[in-house]
Protein chains: 2
Amino acid sequence: MADRKSRSPTIIDIAAAAGVSKSTAARALSNAPNVAEASRKRVLEIAEAYGYERNHLARSLRSGRTGMIGLVIPDLANPFWAEVARGAQDEAARRGASLLVFSSDWNADREAQHLRALRQARVDGAIINPVADGSDDIHRAGLPMVLIGSSAERFAQLSSVGSNIAQGVAIGLNRLAEFGHLQPALLLGPPNRLARVRFQRVVHDHCVARGIDPATLPVEEGDYTVESGRRAMIRLIGRAEQPVRCVFAANDLMALGAILALRDLGLRCPQDVSVLGFDGIPAGAYAAPGLTTVAKPARAIGTEGMALLTEAIDGTLDHRRVLLDCHFVERGSLARPDHAGLPPEMRNDHAA
Amino acid sequence: MADRKSRSPTIIDIAAAAGVSKSTAARALSNAPNVAEASRKRVLEIAEAYGYERNHLARSLRSGRTGMIGLVIPDLANPFWAEVARGAQDEAARRGASLLVFSSDWNADREAQHLRALRQARVDGAIINPVADGSDDIHRAGLPMVLIGSSAERFAQLSSVGSNIAQGVAIGLNRLAEFGHLQPALLLGPPNRLARVRFQRVVHDHCVARGIDPATLPVEEGDYTVESGRRAMIRLIGRAEQPVRCVFAANDLMALGAILALRDLGLRCPQDVSVLGFDGIPAGAYAAPGLTTVAKPARAIGTEGMALLTEAIDGTLDHRRVLLDCHFVERGSLARPDHAGLPPEMRNDHAA
DNA sequence: CTTCATTTTGGGAACGTTACCAGAGAGTAT
DNA sequence: ATACTCTCTGGTAACGTTCCCAAAATGAAG
């Protein structure tokens with residue numbers, strides 16, 4: 001009896017079957033007030049029996065709200081961003097919304113294209129990791145939005161959620177100090193890139209705060225890939241000045257590269273050289289030794305971004321910039337220096 | 001001039017401004033035939049100037065097509081499924097569709113809930129990795145769908161896309177044979193699980209086809225986690241009967257565990273023991289040695305699933321079951337047995 | 001029994017688009 | 001000039017809701 005016309009029943013069918021007007025049926029189904037208990041019960045029973053399902057399209061067209069949220073990230077297949085997406089999706093589901101996901105591949109054109117698609121789909125709002133330099137495309141979007149990730153810094157006037165790099169670096173350096181490593185070498189990203197500048201600046205500030213001369217830290221650079229980390233580590237070890245006992249890498253992939261390099265060079269990690277990463281990617285757990293790292297709150301960035309966006313949609317959000325704390329993940333690539341394994345000329349006795 | 005009423009312009013505004021009826025404007029904007037070139041040009045110019053954007057909601061309500069596709073996978077944060085999602089998303093974008101993503105967490109209730117959301121959002125179709133045992137929820141969905149992944153086997157009557165396990169195992173065993181490993185030990189998943197049964201059956205068949213007695217292959221089992229793989233490898237080495245020179249694991253995580261175990265046991269990989277994985281997760285690249293593995297065509301499953309779904313939506317798809325080939329990824333955990341490094345009692349000279 | 005307040009109901013008008021059909025021109029052949 | 005075909009156009013009716021307002025029913029108080 002449910003589908004006489006092989007067409008899914010509309011609210012009009014339900015109203016007719018329940019012997020009420022579509023207005024009353026609508027009220028009953030959206031459990032609004034001012035509908036007699038008897039009518040409501042009637043309508044709900046009929047709807048249940050007919051397998052009625054509200055047409056969300058019509059509802060949206062009328063009310064202007066779609067219950068859909070757009071998410072634009074650089075790459076859904078990247079573990080970090082996948083984790084962010086998962087967080088956003090969980091929170092969206094909790095709030096009864098659905099998530100439209102797009103990957104920009106760090107490409108401004110594609111980003112603009114996705115933004116257009118979002119607007120056309122009439123999403124209620126969007127969470128975006130902006131790629132475009134010119135802020136035009138982002139602002140022009142004309143819908144409630146929350147930015148995520150570090151590139152959000154370029155758009156100071158928009159609310160955003162990111163990880164607290166300063167706090168993360170602080171944890172890292174503190175833990176390194178506890179292990180006796182006061183002057184870790186740094187593996188940074190390519191120069192001129194925002195991420196590198198920020199990481200380096202934060203390390204610098206923290207060193208100053210701890211009374212360490214930042215200029216004494218050896219620095220090498222890579223491009224955030226494993227291979228570049230491997231080569232940077234080799235260069236670092238090759239330096240004559242000072243034996244390297246500890247490396248703090250700006251991301252996990254380079255840290256993994258460093259661990260590989262140490263193995264190739266016949267040095268033990270962590271006994272000879274400690275390695276600390278920054279990111280918290282799952283792959284770090286499978287290295288040997290497991291990569292100790294400062295993990296960014298990827299999933300929380302997604303959930304918090306969605307929470308903020310909800311406020312933005314409701315209009316209750318005044319500008320806010322949320323920085324979520326990183327946390328330390330101990331896995332075994334950090335140790336007190338073990339001088340026994342090193343030839344005398346490589347020993348370094350300044351550690352506490 | 002674009003937004004006199006601070007409201008986005010509708011097709012009626014455009015039509016009025018262009019001095020034509022909304023019918024003509026609609027035809028021009030959806031570049032339909034039977035509209036004078038002059039009118040079309042006029043309308044398009046005005047639309048451009050006003051920043052007009054078609055309301056996809058209204059369009060969908062009328063036409064019955066939303067241009068949205070649902071994707072339900074177990075976990076968006078899982079690298080394999082993230083890769084599948086990425087493939088689906090790319091193909092969707094290529095076809096001008098948008099992707100609604102949901103994670104079921106291998107939970108039938110959540111899956112049912114997501115399917116309901118999809119129906120309510122009036123998606124044109126869905127790509128699903130089914131979790132529910134009872135086929136009811138899936139069939140009841142009542143929208144065009146394509147299943148992906150191995151669990152699709154349970155729903156023989158629906159079209160599906162999966163990886164060709166048989167072919168993948170064949171490549172793996174062939175390559176192992178080329179390295180002189182004719183009787184690899186097997187690291188399987190938990191008994192009774194579909195995935196294990198299938199993997200084991202395929203290995204069995206291929207051994208028979210190659211003239212090897214399947215019963216001679218040592219077998220251990222784990223639960224697809226790294227730790228279980230580590231323990232299984234230790235048990236394997238501990239077996240008295242026969243020295244193990246090669247392990248074929250049913251997934252990459254267990255293979256990574258095996259590599260960790262070998263290091264702990266003081267055995268060299270690959271010189272003493274070769275390890276072959278199955279999956280192709282990115283983390284395998286960062287192990288030492290890099291994990292050689294048979295990679296499933298994750299991204300292709302997504303793209304092909306979307307391609308099939310498009311046909312299903314158009315009604316041009318008759319039942320099909322697509323199996324996509326796996327490919328071999330050489331990374332360094334495979335080698336010819338190097339007897340020199342082993343104590344005499346562990347040597348095993350039957351290899352070619 | 002009236003009056004008034006309150007709850008409940010129904011009828012229409014949106015929302016912005018596309019589908020359909022009939023009519024208006026324009027051009028060509030009889 | 002008439003008839004006919006063609007291309008183009010405009011009006012109207014959907015699509016399935018929700019929102020608004022007025023009408024009807026109910027109940028309480030005078």
# chains A, B, ... in the order shown; residues from 1 in each chain; ligands from 1
call {"tool": "interface_residues", "arguments": {"of": "chain D", "to": "chain A", "cutoff": "10 Å", "atoms": "only C-alpha atoms (C1' of nucleotides)", "output": "PyMOL selection string"}}
result
chain D and resi 15-19
call {"tool": "write_last_selection", "arguments": {"atoms": "N, CA and C atoms (P, O5', C5', C4', C3', O3' and C1' of nucleotides)", "output": "compact mmCIF listing (two decimals), in the first residue's frame"}}
result
# COMPACT_ATOMS: atom_id res chain seq x y z
P DC D 15 3.89 17.39 -9.50
O5' DC D 15 5.35 17.46 -8.88
C5' DC D 15 6.52 17.30 -9.65
C4' DC D 15 7.67 17.83 -8.85
C3' DC D 15 7.45 17.76 -7.34
O3' DC D 15 8.00 16.55 -6.87
C1' DC D 15 8.48 19.83 -8.03
P DG D 16 7.07 15.59 -5.94
O5' DG D 16 7.24 16.26 -4.51
C5' DG D 16 8.51 16.18 -3.88
C4' DG D 16 8.52 17.15 -2.73
C3' DG D 16 7.45 16.88 -1.67
O3' DG D 16 8.13 16.69 -0.46
C1' DG D 16 7.51 19.16 -2.26
P DT D 17 7.46 16.32 0.89
O5' DT D 17 8.18 17.38 1.81
C5' DT D 17 7.50 18.51 2.24
C4' DT D 17 8.46 19.65 2.26
C3' DT D 17 8.12 20.60 3.38
O3' DT D 17 9.11 20.45 4.39
C1' DT D 17 8.14 21.73 1.27
P DT D 18 8.68 20.79 5.88
O5' DT D 18 8.62 22.39 5.85
C5' DT D 18 9.83 23.10 5.69
C4' DT D 18 9.50 24.57 5.51
C3' DT D 18 8.89 25.23 6.74
O3' DT D 18 9.53 26.49 6.88
C1' DT D 18 7.50 25.58 4.87
P DC D 19 9.48 27.23 8.30
O5' DC D 19 8.58 28.51 7.93
C5' DC D 19 9.00 29.32 6.84
C4' DC D 19 7.91 30.31 6.49
C3' DC D 19 7.25 30.95 7.71
O3' DC D 19 7.20 32.35 7.50
C1' DC D 19 5.62 30.01 6.27
call {"tool": "residues_around", "arguments": {"residues": "D:DA24", "least_positions_apart": "5", "cutoff": "12 Å", "atoms": "only C-alpha atoms (C1' of nucleotides)", "output": "VMD selection string"}}
result
chain C and resid 7 to 10
call {"tool": "select_by_dssp", "arguments": {"residues": "stretch 167-209 of chain B", "states": "strand (DSSP E)", "output": "PyMOL selection string"}}
result
chain B and resi 185-188
call {"tool": "write_last_selection", "arguments": {"atoms": "N, CA and C atoms", "output": "PDB file, in the first residue's frame"}}
result
ATOM      1  N   ALA B 185      56.277 -18.754   4.187  1.00  0.00           N
ATOM      2  CA  ALA B 185      55.351 -18.877   5.311  1.00  0.00           C
ATOM      3  C   ALA B 185      54.229 -17.867   5.100  1.00  0.00           C
ATOM      4  N   LEU B 186      53.073 -18.149   5.670  1.00  0.00           N
ATOM      5  CA  LEU B 186      51.936 -17.248   5.514  1.00  0.00           C
ATOM      6  C   LEU B 186      51.558 -16.621   6.855  1.00  0.00           C
ATOM      7  N   LEU B 187      51.308 -15.320   6.815  1.00  0.00           N
ATOM      8  CA  LEU B 187      50.764 -14.623   7.986  1.00  0.00           C
ATOM      9  C   LEU B 187      49.335 -14.241   7.650  1.00  0.00           C
ATOM     10  N   LEU B 188      48.402 -14.996   8.220  1.00  0.00           N
ATOM     11  CA  LEU B 188      47.004 -14.763   7.862  1.00  0.00           C
ATOM     12  C   LEU B 188      46.261 -13.987   8.943  1.00  0.00           C
TER      13      LEU B 188
END
call {"tool": "interface_residues", "arguments": {"of": "chain C", "to": "chain B", "cutoff": "8 Å", "atoms": "only C-alpha atoms (C1' of nucleotides)", "output": "ChimeraX atom specification"}}
result
/C:15-18
call {"tool": "interface_residues", "arguments": {"of": "chain B", "to": "chain A", "cutoff": "8 Å", "atoms": "only C-alpha atoms", "output": "number ranges by chain"}}
result
B: 53-58, 60-61, 75-79, 82-83, 85-86, 89, 98-103, 117, 120-122, 226, 256-257, 260, 282-284, 286-288
call {"tool": "residues_around", "arguments": {"residues": "B:Arg245", "least_positions_apart": "3", "cutoff": "8 Å", "atoms": "only C-alpha atoms (C1' of nucleotides)", "output": "list in words"}}
result
His181, Pro184, Asp272, Val273, Ser274 and Pro337 of chain B
call {"tool": "select_by_dssp", "arguments": {"residues": "stretch 151-254 of chain B", "states": "alpha helix (DSSP H)", "output": "PyMOL selection string"}}
result
chain B and resi 165-178+194-209+226-238+252-254
call {"tool": "write_last_selection", "arguments": {"atoms": "N, CA and C atoms", "output": "short mmCIF file (atom, residue, chain, number, x, y, z; two decimals), in the first residue's frame"}}
result
data_model
loop_
_atom_site.label_atom_id
_atom_site.label_comp_id
_atom_site.auth_asym_id
_atom_site.auth_seq_id
_atom_site.Cartn_x
_atom_site.Cartn_y
_atom_site.Cartn_z
N ILE B 165 42.09 -10.16 -5.99
CA ILE B 165 42.96 -10.80 -5.01
C ILE B 165 43.72 -11.97 -5.65
N ALA B 166 43.00 -12.73 -6.45
CA ALA B 166 43.63 -13.90 -7.05
C ALA B 166 44.84 -13.48 -7.88
N GLN B 167 44.64 -12.45 -8.69
CA GLN B 167 45.74 -11.97 -9.53
C GLN B 167 46.86 -11.41 -8.66
N GLY B 168 46.49 -10.70 -7.60
CA GLY B 168 47.50 -10.12 -6.72
C GLY B 168 48.34 -11.19 -6.05
N VAL B 169 47.68 -12.19 -5.56
CA VAL B 169 48.41 -13.28 -4.92
C VAL B 169 49.33 -13.96 -5.94
N ALA B 170 48.83 -14.09 -7.17
CA ALA B 170 49.63 -14.71 -8.22
C ALA B 170 50.92 -13.92 -8.44
N ILE B 171 50.79 -12.59 -8.58
CA ILE B 171 52.00 -11.78 -8.76
C ILE B 171 52.95 -12.02 -7.61
N GLY B 172 52.40 -11.94 -6.40
CA GLY B 172 53.23 -12.08 -5.22
C GLY B 172 53.99 -13.39 -5.22
N LEU B 173 53.27 -14.46 -5.46
CA LEU B 173 53.92 -15.77 -5.42
C LEU B 173 54.94 -15.92 -6.55
N ASN B 174 54.60 -15.38 -7.71
CA ASN B 174 55.54 -15.45 -8.84
C ASN B 174 56.84 -14.72 -8.51
N ARG B 175 56.69 -13.52 -7.97
CA ARG B 175 57.89 -12.75 -7.65
C ARG B 175 58.70 -13.46 -6.58
N LEU B 176 58.01 -14.00 -5.59
CA LEU B 176 58.72 -14.75 -4.55
C LEU B 176 59.50 -15.90 -5.18
N ALA B 177 58.87 -16.57 -6.12
CA ALA B 177 59.53 -17.70 -6.77
C ALA B 177 60.78 -17.23 -7.51
N GLU B 178 60.67 -16.06 -8.16
CA GLU B 178 61.83 -15.54 -8.88
C GLU B 178 62.98 -15.27 -7.94
N LEU B 194 35.94 -13.51 6.45
CA LEU B 194 35.87 -13.67 5.01
C LEU B 194 37.21 -13.38 4.33
N ALA B 195 37.84 -12.30 4.75
CA ALA B 195 39.08 -11.87 4.10
C ALA B 195 40.14 -12.97 4.20
N ARG B 196 40.22 -13.61 5.39
CA ARG B 196 41.23 -14.64 5.54
C ARG B 196 40.93 -15.84 4.68
N VAL B 197 39.68 -16.25 4.73
CA VAL B 197 39.30 -17.43 3.95
C VAL B 197 39.65 -17.24 2.49
N ARG B 198 39.31 -16.06 1.98
CA ARG B 198 39.56 -15.81 0.57
C ARG B 198 41.05 -15.80 0.25
N PHE B 199 41.80 -15.07 1.07
CA PHE B 199 43.25 -15.00 0.82
C PHE B 199 43.86 -16.40 0.83
N GLN B 200 43.51 -17.15 1.87
CA GLN B 200 44.10 -18.48 1.99
C GLN B 200 43.71 -19.38 0.83
N ARG B 201 42.44 -19.28 0.42
CA ARG B 201 41.97 -20.13 -0.67
C ARG B 201 42.75 -19.81 -1.95
N VAL B 202 42.94 -18.52 -2.19
CA VAL B 202 43.64 -18.12 -3.41
C VAL B 202 45.09 -18.60 -3.38
N VAL B 203 45.74 -18.44 -2.23
CA VAL B 203 47.12 -18.92 -2.13
C VAL B 203 47.15 -20.42 -2.39
N HIS B 204 46.22 -21.11 -1.77
CA HIS B 204 46.12 -22.56 -1.94
C HIS B 204 46.03 -22.93 -3.41
N ASP B 205 45.08 -22.29 -4.11
CA ASP B 205 44.88 -22.61 -5.52
C ASP B 205 46.13 -22.35 -6.35
N HIS B 206 46.76 -21.22 -6.05
CA HIS B 206 47.94 -20.89 -6.85
C HIS B 206 49.09 -21.83 -6.58
N CYS B 207 49.22 -22.26 -5.34
CA CYS B 207 50.27 -23.22 -5.05
C CYS B 207 50.03 -24.50 -5.83
N VAL B 208 48.80 -24.96 -5.77
CA VAL B 208 48.46 -26.18 -6.50
C VAL B 208 48.80 -26.00 -7.97
N ALA B 209 48.40 -24.85 -8.52
CA ALA B 209 48.64 -24.59 -9.94
C ALA B 209 50.13 -24.60 -10.26
N VAL B 226 49.85 -4.37 13.54
CA VAL B 226 51.30 -4.48 13.54
C VAL B 226 51.77 -5.41 14.66
N GLU B 227 51.22 -5.20 15.84
CA GLU B 227 51.66 -5.97 16.98
C GLU B 227 51.40 -7.47 16.77
N SER B 228 50.24 -7.79 16.21
CA SER B 228 49.94 -9.21 16.00
C SER B 228 50.91 -9.79 14.97
N GLY B 229 51.31 -8.98 13.99
CA GLY B 229 52.26 -9.45 13.00
C GLY B 229 53.62 -9.72 13.63
N ARG B 230 53.99 -8.85 14.57
CA ARG B 230 55.28 -9.01 15.25
C ARG B 230 55.29 -10.33 16.02
N ARG B 231 54.23 -10.55 16.78
CA ARG B 231 54.19 -11.76 17.59
C ARG B 231 54.13 -13.02 16.72
N ALA B 232 53.36 -12.92 15.63
CA ALA B 232 53.25 -14.09 14.74
C ALA B 232 54.61 -14.43 14.15
N MET B 233 55.37 -13.39 13.80
CA MET B 233 56.70 -13.63 13.23
C MET B 233 57.60 -14.31 14.25
N ILE B 234 57.51 -13.88 15.51
CA ILE B 234 58.33 -14.50 16.55
C ILE B 234 57.97 -15.97 16.70
N ARG B 235 56.68 -16.25 16.68
CA ARG B 235 56.25 -17.65 16.79
C ARG B 235 56.80 -18.45 15.61
N LEU B 236 56.77 -17.84 14.45
CA LEU B 236 57.19 -18.52 13.22
C LEU B 236 58.67 -18.89 13.31
N ILE B 237 59.47 -17.93 13.77
CA ILE B 237 60.90 -18.19 13.88
C ILE B 237 61.17 -19.24 14.95
N GLY B 238 60.34 -19.21 15.97
CA GLY B 238 60.52 -20.16 17.06
C GLY B 238 60.23 -21.60 16.70
N ASP B 252 49.61 -5.35 4.99
CA ASP B 252 50.87 -4.64 5.19
C ASP B 252 51.21 -4.41 6.65
N LEU B 253 50.20 -4.13 7.47
CA LEU B 253 50.51 -3.85 8.87
C LEU B 253 51.18 -5.05 9.53
N MET B 254 50.65 -6.24 9.28
CA MET B 254 51.28 -7.43 9.86
C MET B 254 52.68 -7.62 9.29
#
call {"tool": "atom_distance", "arguments": {"atom1": "atom CA of A:Ala49", "atom2": "atom CA of A:Ala25"}}
result
14.4 Å
call {"tool": "atom_distance", "arguments": {"atom1": "atom CA of A:Pro214", "atom2": "atom CA of A:Ser150"}}
result
23.5 Å
call {"tool": "residues_around", "arguments": {"residues": "C:DA22", "least_positions_apart": "4", "cutoff": "12 Å", "atoms": "only C-alpha atoms (C1' of nucleotides)", "output": "list in words"}}
result
DT9, DG10, DG11 and DT12 of chain D
call {"tool": "write_last_selection", "arguments": {"atoms": "C-alpha atoms (C1' of nucleotides)", "output": "PDB file, in the first residue's frame"}}
result
ATOM      1  C1'  DT D   9       9.292  32.962 -27.424  1.00  0.00           C
ATOM      2  C1'  DG D  10       6.258  33.526 -23.247  1.00  0.00           C
ATOM      3  C1'  DG D  11       2.879  31.851 -20.043  1.00  0.00           C
ATOM      4  C1'  DT D  12       1.666  28.443 -16.843  1.00  0.00           C
TER       5       DT D  12
END
call {"tool": "residues_around", "arguments": {"residues": "D:DA29", "least_positions_apart": "2", "cutoff": "10 Å", "atoms": "only C-alpha atoms (C1' of nucleotides)", "output": "list of chain:residue names"}}
result
C:DT3, C:DC4, C:DA5, D:DG27
call {"tool": "write_last_selection", "arguments": {"atoms": "all heavy atoms", "output": "PDB file, in the first residue's frame"}}
result
ATOM      1  P    DT C   3     -21.772  39.332  22.351  1.00  0.00           P
ATOM      2  OP1  DT C   3     -22.157  40.769  22.405  1.00  0.00           O
ATOM      3  OP2  DT C   3     -21.738  38.591  21.076  1.00  0.00           O
ATOM      4  O5'  DT C   3     -20.374  39.167  23.065  1.00  0.00           O
ATOM      5  C5'  DT C   3     -20.213  39.642  24.411  1.00  0.00           C
ATOM      6  C4'  DT C   3     -18.831  39.230  24.907  1.00  0.00           C
ATOM      7  O4'  DT C   3     -18.841  37.808  25.206  1.00  0.00           O
ATOM      8  C3'  DT C   3     -17.701  39.468  23.922  1.00  0.00           C
ATOM      9  O3'  DT C   3     -16.712  40.257  24.549  1.00  0.00           O
ATOM     10  C2'  DT C   3     -17.210  38.069  23.573  1.00  0.00           C
ATOM     11  C1'  DT C   3     -17.604  37.276  24.817  1.00  0.00           C
ATOM     12  N1   DT C   3     -17.795  35.823  24.621  1.00  0.00           N
ATOM     13  C2   DT C   3     -17.183  34.947  25.486  1.00  0.00           C
ATOM     14  O2   DT C   3     -16.491  35.297  26.404  1.00  0.00           O
ATOM     15  N3   DT C   3     -17.442  33.628  25.232  1.00  0.00           N
ATOM     16  C4   DT C   3     -18.224  33.102  24.211  1.00  0.00           C
ATOM     17  O4   DT C   3     -18.379  31.898  24.078  1.00  0.00           O
ATOM     18  C5   DT C   3     -18.818  34.069  23.345  1.00  0.00           C
ATOM     19  C7   DT C   3     -19.682  33.622  22.207  1.00  0.00           C
ATOM     20  C6   DT C   3     -18.580  35.376  23.568  1.00  0.00           C
ATOM     21  P    DC C   4     -15.634  41.013  23.663  1.00  0.00           P
ATOM     22  OP1  DC C   4     -15.507  42.398  24.160  1.00  0.00           O
ATOM     23  OP2  DC C   4     -15.893  40.743  22.231  1.00  0.00           O
ATOM     24  O5'  DC C   4     -14.340  40.210  24.098  1.00  0.00           O
ATOM     25  C5'  DC C   4     -14.109  39.939  25.490  1.00  0.00           C
ATOM     26  C4'  DC C   4     -13.170  38.742  25.596  1.00  0.00           C
ATOM     27  O4'  DC C   4     -13.898  37.540  25.271  1.00  0.00           O
ATOM     28  C3'  DC C   4     -11.966  38.787  24.656  1.00  0.00           C
ATOM     29  O3'  DC C   4     -10.787  38.833  25.421  1.00  0.00           O
ATOM     30  C2'  DC C   4     -12.073  37.510  23.832  1.00  0.00           C
ATOM     31  C1'  DC C   4     -12.982  36.642  24.696  1.00  0.00           C
ATOM     32  N1   DC C   4     -13.755  35.621  23.940  1.00  0.00           N
ATOM     33  C2   DC C   4     -13.749  34.295  24.393  1.00  0.00           C
ATOM     34  O2   DC C   4     -13.103  33.988  25.399  1.00  0.00           O
ATOM     35  N3   DC C   4     -14.455  33.359  23.694  1.00  0.00           N
ATOM     36  C4   DC C   4     -15.148  33.715  22.616  1.00  0.00           C
ATOM     37  N4   DC C   4     -15.840  32.773  21.979  1.00  0.00           N
ATOM     38  C5   DC C   4     -15.168  35.064  22.140  1.00  0.00           C
ATOM     39  C6   DC C   4     -14.465  35.967  22.825  1.00  0.00           C
ATOM     40  P    DA C   5      -9.411  39.138  24.713  1.00  0.00           P
ATOM     41  OP1  DA C   5      -8.718  40.204  25.473  1.00  0.00           O
ATOM     42  OP2  DA C   5      -9.628  39.284  23.257  1.00  0.00           O
ATOM     43  O5'  DA C   5      -8.660  37.767  24.982  1.00  0.00           O
ATOM     44  C5'  DA C   5      -8.635  37.254  26.312  1.00  0.00           C
ATOM     45  C4'  DA C   5      -8.220  35.792  26.276  1.00  0.00           C
ATOM     46  O4'  DA C   5      -9.241  35.026  25.595  1.00  0.00           O
ATOM     47  C3'  DA C   5      -6.908  35.522  25.534  1.00  0.00           C
ATOM     48  O3'  DA C   5      -6.136  34.634  26.317  1.00  0.00           O
ATOM     49  C2'  DA C   5      -7.349  34.878  24.220  1.00  0.00           C
ATOM     50  C1'  DA C   5      -8.636  34.177  24.635  1.00  0.00           C
ATOM     51  N9   DA C   5      -9.607  34.004  23.561  1.00  0.00           N
ATOM     52  C8   DA C   5     -10.079  34.957  22.692  1.00  0.00           C
ATOM     53  N7   DA C   5     -10.972  34.509  21.850  1.00  0.00           N
ATOM     54  C5   DA C   5     -11.098  33.160  22.171  1.00  0.00           C
ATOM     55  C6   DA C   5     -11.888  32.131  21.645  1.00  0.00           C
ATOM     56  N6   DA C   5     -12.734  32.309  20.642  1.00  0.00           N
ATOM     57  N1   DA C   5     -11.768  30.907  22.197  1.00  0.00           N
ATOM     58  C2   DA C   5     -10.915  30.746  23.215  1.00  0.00           C
ATOM     59  N3   DA C   5     -10.122  31.639  23.806  1.00  0.00           N
ATOM     60  C4   DA C   5     -10.260  32.837  23.228  1.00  0.00           C
TER      61       DA C   5
ATOM     62  P    DG D  27     -12.855  21.302  24.667  1.00  0.00           P
ATOM     63  OP1  DG D  27     -12.075  20.143  25.131  1.00  0.00           O
ATOM     64  OP2  DG D  27     -14.322  21.201  24.472  1.00  0.00           O
ATOM     65  O5'  DG D  27     -12.564  22.521  25.644  1.00  0.00           O
ATOM     66  C5'  DG D  27     -11.240  23.058  25.726  1.00  0.00           C
ATOM     67  C4'  DG D  27     -11.282  24.357  26.474  1.00  0.00           C
ATOM     68  O4'  DG D  27     -11.848  25.384  25.621  1.00  0.00           O
ATOM     69  C3'  DG D  27     -12.145  24.335  27.746  1.00  0.00           C
ATOM     70  O3'  DG D  27     -11.368  24.798  28.825  1.00  0.00           O
ATOM     71  C2'  DG D  27     -13.304  25.271  27.426  1.00  0.00           C
ATOM     72  C1'  DG D  27     -12.673  26.209  26.412  1.00  0.00           C
ATOM     73  N9   DG D  27     -13.611  26.875  25.522  1.00  0.00           N
ATOM     74  C8   DG D  27     -14.614  26.306  24.770  1.00  0.00           C
ATOM     75  N7   DG D  27     -15.289  27.173  24.055  1.00  0.00           N
ATOM     76  C5   DG D  27     -14.705  28.398  24.363  1.00  0.00           C
ATOM     77  C6   DG D  27     -15.004  29.698  23.890  1.00  0.00           C
ATOM     78  O6   DG D  27     -15.879  30.034  23.097  1.00  0.00           O
ATOM     79  N1   DG D  27     -14.155  30.652  24.449  1.00  0.00           N
ATOM     80  C2   DG D  27     -13.151  30.375  25.335  1.00  0.00           C
ATOM     81  N2   DG D  27     -12.436  31.413  25.764  1.00  0.00           N
ATOM     82  N3   DG D  27     -12.847  29.165  25.786  1.00  0.00           N
ATOM     83  C4   DG D  27     -13.665  28.228  25.257  1.00  0.00           C
TER      84       DG D  27
END
call {"tool": "atom_distance", "arguments": {"atom1": "atom CA of A:Leu276", "atom2": "atom CA of A:Thr216"}}
result
18.2 Å
call {"tool": "residues_around", "arguments": {"residues": "A:Asp109", "least_positions_apart": "2", "cutoff": "12 Å", "atoms": "only C-alpha atoms (C1' of nucleotides)", "output": "list in words"}}
result
Ser103, Ser104, Asp105, Trp106, Asn107, Glu111, Ala112, Gln113, His114, Leu115, Arg116, Pro130, Val131, Ala132, Asp133, Gly134, Asp137 and Ile138 of chain A
call {"tool": "decode", "arguments": {"residues": "stretch 34-41 of chain B", "atoms": "N, CA, C and O atoms", "output": "PDB file, in the first residue's frame"}}
result
ATOM      1  N   ASN B  34      17.268  26.110 -29.752  1.00  0.00           N
ATOM      2  CA  ASN B  34      16.073  26.926 -29.973  1.00  0.00           C
ATOM      3  C   ASN B  34      16.054  28.208 -29.158  1.00  0.00           C
ATOM      4  O   ASN B  34      15.059  28.543 -28.531  1.00  0.00           O
ATOM      5  N   VAL B  35      17.183  28.880 -29.140  1.00  0.00           N
ATOM      6  CA  VAL B  35      17.176  30.219 -28.577  1.00  0.00           C
ATOM      7  C   VAL B  35      18.047  31.082 -29.501  1.00  0.00           C
ATOM      8  O   VAL B  35      19.129  30.662 -29.915  1.00  0.00           O
ATOM      9  N   ALA B  36      17.543  32.226 -29.853  1.00  0.00           N
ATOM     10  CA  ALA B  36      18.245  33.086 -30.811  1.00  0.00           C
ATOM     11  C   ALA B  36      19.610  33.466 -30.250  1.00  0.00           C
ATOM     12  O   ALA B  36      19.753  33.709 -29.050  1.00  0.00           O
ATOM     13  N   GLU B  37      20.569  33.517 -31.129  1.00  0.00           N
ATOM     14  CA  GLU B  37      21.943  33.788 -30.709  1.00  0.00           C
ATOM     15  C   GLU B  37      22.035  35.115 -29.968  1.00  0.00           C
ATOM     16  O   GLU B  37      22.741  35.244 -28.968  1.00  0.00           O
ATOM     17  N   ALA B  38      21.290  36.086 -30.453  1.00  0.00           N
ATOM     18  CA  ALA B  38      21.318  37.414 -29.836  1.00  0.00           C
ATOM     19  C   ALA B  38      20.817  37.338 -28.392  1.00  0.00           C
ATOM     20  O   ALA B  38      21.450  37.852 -27.465  1.00  0.00           O
ATOM     21  N   SER B  39      19.674  36.667 -28.200  1.00  0.00           N
ATOM     22  CA  SER B  39      19.110  36.546 -26.855  1.00  0.00           C
ATOM     23  C   SER B  39      20.082  35.841 -25.930  1.00  0.00           C
ATOM     24  O   SER B  39      20.352  36.292 -24.812  1.00  0.00           O
ATOM     25  N   ARG B  40      20.603  34.735 -26.411  1.00  0.00           N
ATOM     26  CA  ARG B  40      21.527  33.956 -25.586  1.00  0.00           C
ATOM     27  C   ARG B  40      22.680  34.830 -25.106  1.00  0.00           C
ATOM     28  O   ARG B  40      22.999  34.860 -23.919  1.00  0.00           O
ATOM     29  N   LYS B  41      23.289  35.532 -26.047  1.00  0.00           N
ATOM     30  CA  LYS B  41      24.431  36.368 -25.709  1.00  0.00           C
ATOM     31  C   LYS B  41      24.029  37.391 -24.643  1.00  0.00           C
ATOM     32  O   LYS B  41      24.702  37.539 -23.612  1.00  0.00           O
TER      33      LYS B  41
END
